[in-house]
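Chemist: Sharing work_14.cif, mmCIF, C-alpha atoms and all ligand atoms:
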data_model
#
loop_
_atom_site.label_atom_id
_atom_site.label_comp_id
_atom_site.auth_asym_id
_atom_site.auth_seq_id
_atom_site.Cartn_x
_atom_site.Cartn_y
_atom_site.Cartn_z
CA MET A 1 116.25 30.56 -20.20
CA PRO A 2 118.23 28.01 -22.21
CA ASP A 3 121.29 26.47 -20.54
CA SER A 4 124.73 26.66 -22.18
CA ALA A 5 123.92 23.61 -24.35
CA GLY A 6 120.75 25.27 -25.63
CA ARG A 7 118.53 23.03 -23.51
CA ARG A 8 115.50 24.50 -21.87
CA SER A 9 112.12 23.28 -20.93
CA TRP A 10 108.98 23.98 -22.84
CA ASP A 11 105.55 23.36 -21.39
CA SER A 12 103.72 22.61 -24.62
CA LEU A 13 104.25 21.40 -28.17
CA GLU A 14 102.93 24.75 -29.38
CA SER A 15 105.65 26.61 -27.52
CA ILE A 16 108.30 24.33 -29.07
CA SER A 17 106.81 24.88 -32.53
CA SER A 18 106.73 28.65 -32.06
CA GLU A 19 110.40 28.68 -31.12
CA VAL A 20 111.37 26.33 -33.98
CA ARG A 21 109.68 28.66 -36.46
CA VAL A 22 111.92 31.58 -35.52
CA CYS A 23 115.00 29.52 -34.62
CA THR A 24 118.44 30.73 -35.75
CA ARG A 25 120.50 28.14 -33.84
CA CYS A 26 122.20 26.92 -37.01
CA SER A 27 122.80 28.07 -40.56
CA LEU A 28 119.89 26.05 -41.98
CA SER A 29 117.76 28.98 -40.81
CA GLU A 30 119.43 31.15 -43.46
CA THR A 31 118.27 29.03 -46.39
CA ARG A 32 114.88 27.76 -45.24
CA ILE A 33 111.54 29.13 -46.38
CA ASN A 34 109.68 27.64 -43.41
CA ALA A 35 110.88 25.66 -40.44
CA VAL A 36 108.95 22.40 -39.99
CA PRO A 37 108.43 21.71 -36.29
CA GLY A 38 106.25 18.61 -36.68
CA GLU A 39 102.57 17.84 -36.40
CA GLY A 40 100.10 15.33 -35.11
CA SER A 41 98.52 14.12 -31.93
CA PRO A 42 99.99 15.50 -28.69
CA VAL A 43 99.13 12.16 -27.06
CA ALA A 44 100.40 9.94 -29.87
CA SER A 45 101.55 6.46 -28.95
CA VAL A 46 103.69 6.34 -32.06
CA MET A 47 106.08 9.12 -33.07
CA PHE A 48 107.65 9.02 -36.54
CA ILE A 49 110.98 10.77 -36.87
CA GLY A 50 112.36 11.48 -40.33
CA GLU A 51 115.61 13.06 -41.33
CA GLY A 52 114.82 16.63 -42.34
CA PRO A 53 112.30 18.56 -44.42
CA GLY A 54 112.48 18.41 -48.22
CA SER A 55 111.40 21.01 -50.72
CA GLN A 56 107.61 20.57 -50.32
CA GLU A 57 107.90 20.54 -46.54
CA ASP A 58 110.04 23.68 -46.64
CA GLN A 59 107.38 25.41 -48.73
CA GLN A 60 104.45 24.30 -46.59
CA GLY A 61 106.00 24.18 -43.10
CA ARG A 62 104.59 20.66 -42.60
CA PRO A 63 106.41 17.32 -42.40
CA PHE A 64 106.14 14.59 -45.03
CA VAL A 65 103.82 16.31 -47.50
CA GLY A 66 105.78 15.50 -50.69
CA ARG A 67 106.09 12.18 -52.53
CA ALA A 68 107.67 10.43 -49.56
CA GLY A 69 104.86 11.82 -47.42
CA LYS A 70 102.18 10.39 -49.72
CA LEU A 71 103.85 6.99 -49.41
CA LEU A 72 104.02 7.40 -45.63
CA ASP A 73 100.26 8.10 -45.64
CA ASN A 74 99.65 4.92 -47.66
CA LEU A 75 101.88 2.81 -45.42
CA LEU A 76 100.01 4.15 -42.39
CA SER A 77 96.59 3.39 -43.90
CA ALA A 78 97.67 -0.20 -44.57
CA VAL A 79 98.37 -0.86 -40.86
CA PRO A 80 95.75 0.80 -40.40
CA ILE A 81 96.72 3.99 -38.60
CA GLU A 82 95.26 7.46 -39.05
CA ARG A 83 97.91 10.09 -39.67
CA ARG A 84 96.19 12.43 -37.21
CA ASP A 85 96.70 9.86 -34.41
CA VAL A 86 100.50 9.81 -34.67
CA TYR A 87 103.09 12.57 -34.35
CA ILE A 88 105.46 13.20 -37.25
CA THR A 89 108.64 15.22 -37.02
CA ASN A 90 112.26 15.23 -38.13
CA ILE A 91 115.75 15.17 -36.64
CA VAL A 92 116.41 18.63 -38.10
CA LYS A 93 113.52 21.02 -38.47
CA CYS A 94 114.81 23.05 -41.42
CA ARG A 95 115.57 21.86 -44.95
CA PRO A 96 119.22 21.11 -45.64
CA PRO A 97 120.05 22.84 -48.97
CA ASN A 98 119.66 20.53 -51.97
CA ASN A 99 118.47 17.80 -49.58
CA ARG A 100 122.04 17.13 -48.43
CA ASP A 101 122.58 15.12 -45.25
CA PRO A 102 122.13 17.09 -42.04
CA GLN A 103 125.50 18.02 -40.51
CA PRO A 104 126.31 16.95 -36.94
CA VAL A 105 126.34 20.58 -35.81
CA GLU A 106 122.80 21.03 -37.19
CA VAL A 107 121.56 17.82 -35.57
CA GLU A 108 123.04 18.97 -32.28
CA ALA A 109 121.51 22.43 -32.54
CA CYS A 110 118.06 20.93 -33.16
CA GLY A 111 118.45 18.23 -30.51
CA PRO A 112 116.79 20.08 -27.64
CA PHE A 113 113.61 20.53 -29.70
CA LEU A 114 113.38 16.82 -30.51
CA ASP A 115 114.19 15.81 -26.94
CA ALA A 116 111.44 18.09 -25.64
CA GLN A 117 108.92 16.80 -28.20
CA ILE A 118 109.64 13.22 -27.13
CA GLU A 119 109.32 14.15 -23.44
CA LEU A 120 106.02 15.97 -23.91
CA ILE A 121 104.37 13.48 -26.25
CA ASN A 122 105.79 10.52 -24.33
CA PRO A 123 105.21 8.04 -27.18
CA ARG A 124 105.41 4.34 -26.47
CA VAL A 125 107.02 3.72 -29.82
CA ILE A 126 109.50 5.84 -31.74
CA ALA A 127 109.54 4.83 -35.40
CA THR A 128 112.66 6.15 -37.07
CA LEU A 129 112.47 6.81 -40.80
CA GLY A 130 115.81 6.27 -42.49
CA ARG A 131 119.42 5.90 -41.48
CA HIS A 132 120.02 9.38 -40.10
CA SER A 133 117.14 9.13 -37.73
CA LEU A 134 118.15 5.63 -36.59
CA VAL A 135 121.79 6.53 -35.87
CA HIS A 136 120.67 9.53 -33.86
CA PHE A 137 119.39 6.99 -31.31
CA PHE A 138 121.75 4.07 -31.99
CA PRO A 139 125.01 5.39 -33.44
CA ASN A 140 126.25 1.90 -34.37
CA ALA A 141 123.04 0.66 -35.95
CA LYS A 142 122.73 -0.17 -39.64
CA ILE A 143 119.44 0.41 -41.38
CA SER A 144 119.98 -2.49 -43.83
CA ARG A 145 120.46 -4.88 -40.89
CA ASP A 146 118.21 -3.40 -38.24
CA HIS A 147 115.10 -2.24 -40.10
CA GLY A 148 111.98 -3.85 -38.65
CA ARG A 149 113.71 -4.93 -35.41
CA ILE A 150 111.92 -4.05 -32.23
CA MET A 151 114.49 -2.38 -29.99
CA ARG A 152 114.44 -0.71 -26.63
CA TRP A 153 115.67 2.85 -26.26
CA ARG A 154 115.56 4.19 -22.73
CA ASN A 155 112.04 3.41 -21.56
CA ARG A 156 110.53 3.21 -25.03
CA ILE A 157 110.37 0.90 -27.99
CA LEU A 158 112.20 1.99 -31.09
CA LEU A 159 111.26 0.55 -34.47
CA PRO A 160 113.72 1.37 -37.26
CA LEU A 161 112.02 1.80 -40.63
CA TYR A 162 113.49 2.59 -44.01
CA HIS A 163 112.90 6.12 -45.20
CA PRO A 164 109.87 6.22 -47.56
CA ALA A 165 112.05 8.00 -50.14
CA ALA A 166 114.34 4.94 -50.17
CA ALA A 167 111.28 2.72 -50.66
CA LEU A 168 110.28 4.83 -53.66
CA ARG A 169 113.67 4.09 -55.24
CA SER A 170 113.70 0.30 -54.79
CA SER A 171 110.98 -2.34 -54.94
CA ARG A 172 112.99 -4.52 -52.53
CA VAL A 173 113.06 -1.71 -49.96
CA MET A 174 109.38 -1.00 -50.64
CA GLN A 175 108.45 -4.60 -49.78
CA ALA A 176 110.59 -4.58 -46.65
CA THR A 177 109.13 -1.25 -45.58
CA ALA A 178 105.56 -2.47 -46.03
CA SER A 179 106.22 -5.51 -43.86
CA ASP A 180 108.14 -3.46 -41.26
CA PHE A 181 105.15 -1.11 -40.91
CA GLU A 182 103.03 -4.17 -40.15
CA ARG A 183 105.14 -4.63 -37.01
CA ILE A 184 103.90 -1.38 -35.45
CA PRO A 185 101.07 -3.07 -33.48
CA GLU A 186 103.60 -5.61 -32.18
CA ALA A 187 105.95 -2.79 -31.20
CA LEU A 188 103.10 -1.17 -29.27
CA LEU A 189 102.46 -4.41 -27.43
CA ALA A 190 106.16 -4.80 -26.68
CA ALA A 191 106.04 -1.33 -25.14
CA LEU A 192 103.46 -2.59 -22.66
CA SER A 193 105.80 -5.27 -21.33
CA PRO A 194 107.32 -4.60 -17.87
CA LYS A 195 110.78 -4.02 -19.37
CA ARG A 196 109.52 -0.65 -20.57
CA THR A 197 109.99 0.82 -17.14
CA ALA A 198 112.68 -1.45 -15.75
CA GLY A 199 115.86 0.20 -14.55
CA ARG A 200 117.18 3.70 -14.83
CA VAL A 201 116.19 5.89 -17.73
CA GLY A 202 119.33 6.79 -19.63
CA GLU A 203 121.56 5.98 -22.56
CA SER A 204 122.77 2.85 -20.78
CA GLN A 205 119.24 1.50 -21.06
CA SER A 206 119.47 1.47 -24.84
CA SER A 207 119.74 -2.03 -26.19
CA TYR A 208 119.02 -4.27 -29.09
CA GLU A 209 116.39 -6.76 -28.07
CA PRO A 210 114.55 -9.43 -29.94
CA ALA A 211 110.95 -8.77 -30.75
CA VAL A 212 108.39 -9.78 -28.19
CA GLU A 213 106.63 -12.54 -30.06
CA GLY A 214 103.05 -13.60 -29.62
CA ALA A 215 102.02 -11.00 -27.05
CA SER A 216 98.28 -10.44 -27.10
CA GLY A 217 95.33 -9.16 -25.17
CA ALA A 218 96.40 -5.56 -24.62
CA SER A 219 93.71 -2.94 -24.86
CA PRO A 220 94.04 0.74 -25.71
CA GLU A 221 95.07 2.91 -22.80
CA THR A 222 92.95 5.80 -21.70
CA ASP A 223 94.86 9.02 -21.32
CA SER A 224 94.41 10.67 -17.95
CA GLY A 225 93.49 13.94 -19.67
CA GLU A 226 90.42 14.77 -21.67
CA ARG A 227 91.55 12.99 -24.80
CA GLN A 228 91.38 9.29 -25.26
CA GLN A 229 94.67 7.97 -26.53
CA SER A 230 94.05 5.75 -29.50
CA MET A 231 95.90 2.49 -29.96
CA PHE A 232 98.34 4.47 -32.11
N1 LIG A 301 111.91 13.53 -45.71
C1 LIG A 301 112.10 13.66 -44.39
O1 LIG A 301 113.01 13.06 -43.81
N2 LIG A 301 111.27 14.44 -43.73
C2 LIG A 301 110.27 15.10 -44.28
O2 LIG A 301 109.55 15.80 -43.57
C3 LIG A 301 110.07 14.93 -45.66
C4 LIG A 301 110.90 14.14 -46.36
#
As structure tokens, please, write out the structure in this file.
Modeler:
Amino acid sequence: MPDSAGRRSWDSLESISSEVRVCTRCSLSETRINAVPGEGSPVASVMFIGEGPGSQEDQQGRPFVGRAGKLLDNLLSAVPIERRDVYITNIVKCRPPNNRDPQPVEVEACGPFLDAQIELINPRVIATLGRHSLVHFFPNAKISRDHGRIMRWRNRILLPLYHPAAALRSSRVMQATASDFERIPEALLAALSPKRTAGRVGESQSSYEPAVEGASGASPETDSGERQQSMF
């Protein structure tokens, strides 16, 4: 049963996705064609979090499948990272009408789904895509200042990236985004540093930190389950 804040525990990504698909927690459910829970590896080391589904995503029920999604695929291949090895989702799981910004009440209603996805996937690195996703984690952050900075959020690394749609609109942002994506391996290495687990897990652990420079020698972890977790 959900608690009064709508929080509950789910034991699998599939059960979250099933609930997202029939969710009526906010009015976005009235205008959506399909909810877009997210997709990718359940043992991903990197989780990309966008803002909310657009028109193509709404039609297909999958995240980042439109123009911005094609660019995301290209940026991933340049690292190189396979899309199937990461998890991709959004702050809100249903399309805001006319691609307007998600409202705080909608972000809050969807929050328990995102929290549970993060808990279950347990990514080392959260890569936020765009301003809305970044300020969900760091309310005072600024995407123009903080993109590409390796930060700590609770016991994870957070790497703020521009939204691919913003990169499509500006060659300056495109260049910055391409070089920020190149920092993903470094963010993964930073996540292996002891600070990852230092202290209490909680909002007070969130902090801006300089990048860990020059770390090397880490090897891919093996997941304790059947699947081998790839570097990404
Ligand atoms: N933009 C987003 O923020 N998310 C998507 O899934 C697609 C476009």
Chemist: Do you know which residues are at most 6 Å from segment 71-81 of chain A counting only C-alpha atoms, after dropping those on the same chain fewer than 2 positions away, and could you put them as number ranges by chain?
Modeler: A: 68-69, 182
Chemist: Residues within 12 Å of (111.7, -4.8, -46.2), file coordinates, counting only C-alpha atoms: what are they? Give the list as a short mmCIF file (atom, residue, chain, number, x, y, z; two decimals) with C-alpha atoms, in the coordinates of the input.
Modeler:
data_model
loop_
_atom_site.label_atom_id
_atom_site.label_comp_id
_atom_site.auth_asym_id
_atom_site.auth_seq_id
_atom_site.Cartn_x
_atom_site.Cartn_y
_atom_site.Cartn_z
CA ILE A 143 119.44 0.41 -41.38
CA SER A 144 119.98 -2.49 -43.83
CA ARG A 145 120.46 -4.88 -40.89
CA ASP A 146 118.21 -3.40 -38.24
CA HIS A 147 115.10 -2.24 -40.10
CA GLY A 148 111.98 -3.85 -38.65
CA ARG A 149 113.71 -4.93 -35.41
CA PRO A 160 113.72 1.37 -37.26
CA LEU A 161 112.02 1.80 -40.63
CA TYR A 162 113.49 2.59 -44.01
CA HIS A 163 112.90 6.12 -45.20
CA PRO A 164 109.87 6.22 -47.56
CA ALA A 166 114.34 4.94 -50.17
CA ALA A 167 111.28 2.72 -50.66
CA SER A 170 113.70 0.30 -54.79
CA SER A 171 110.98 -2.34 -54.94
CA ARG A 172 112.99 -4.52 -52.53
CA VAL A 173 113.06 -1.71 -49.96
CA MET A 174 109.38 -1.00 -50.64
CA GLN A 175 108.45 -4.60 -49.78
CA ALA A 176 110.59 -4.58 -46.65
CA THR A 177 109.13 -1.25 -45.58
CA ALA A 178 105.56 -2.47 -46.03
CA SER A 179 106.22 -5.51 -43.86
CA ASP A 180 108.14 -3.46 -41.26
CA PHE A 181 105.15 -1.11 -40.91
CA GLU A 182 103.03 -4.17 -40.15
CA ARG A 183 105.14 -4.63 -37.01
#
Chemist: A:Ser55, A:Gln117, A:Gln60, A:Ser41: which is nearest Trp10 of chain A, counting only C-alpha atoms?
Modeler: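 For Trp10 of chain A, the nearest of the candidates is A:Gln117.
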Chemist: At what distance in Å, to one decimal, does atom CA of Val135 of chain A lie from atom CA of Glu108 of chain A?
Modeler: 13.0 Å
Chemist: Within 12 Å of (123.1, 16.3, -47.4), in the coordinates the file gives, what residues turn up when you count all atoms listed in the file, written out as a ChimeraX atom specification?
Modeler: /A:28,51-54,92,95-104,106,132
Chemist: Between A:Val86, A:Val22, A:Ala127, A:Cys110, which has the minimum distance to Leu159 of chain A (counting all atoms listed in the file)?
Modeler: A:Ala127
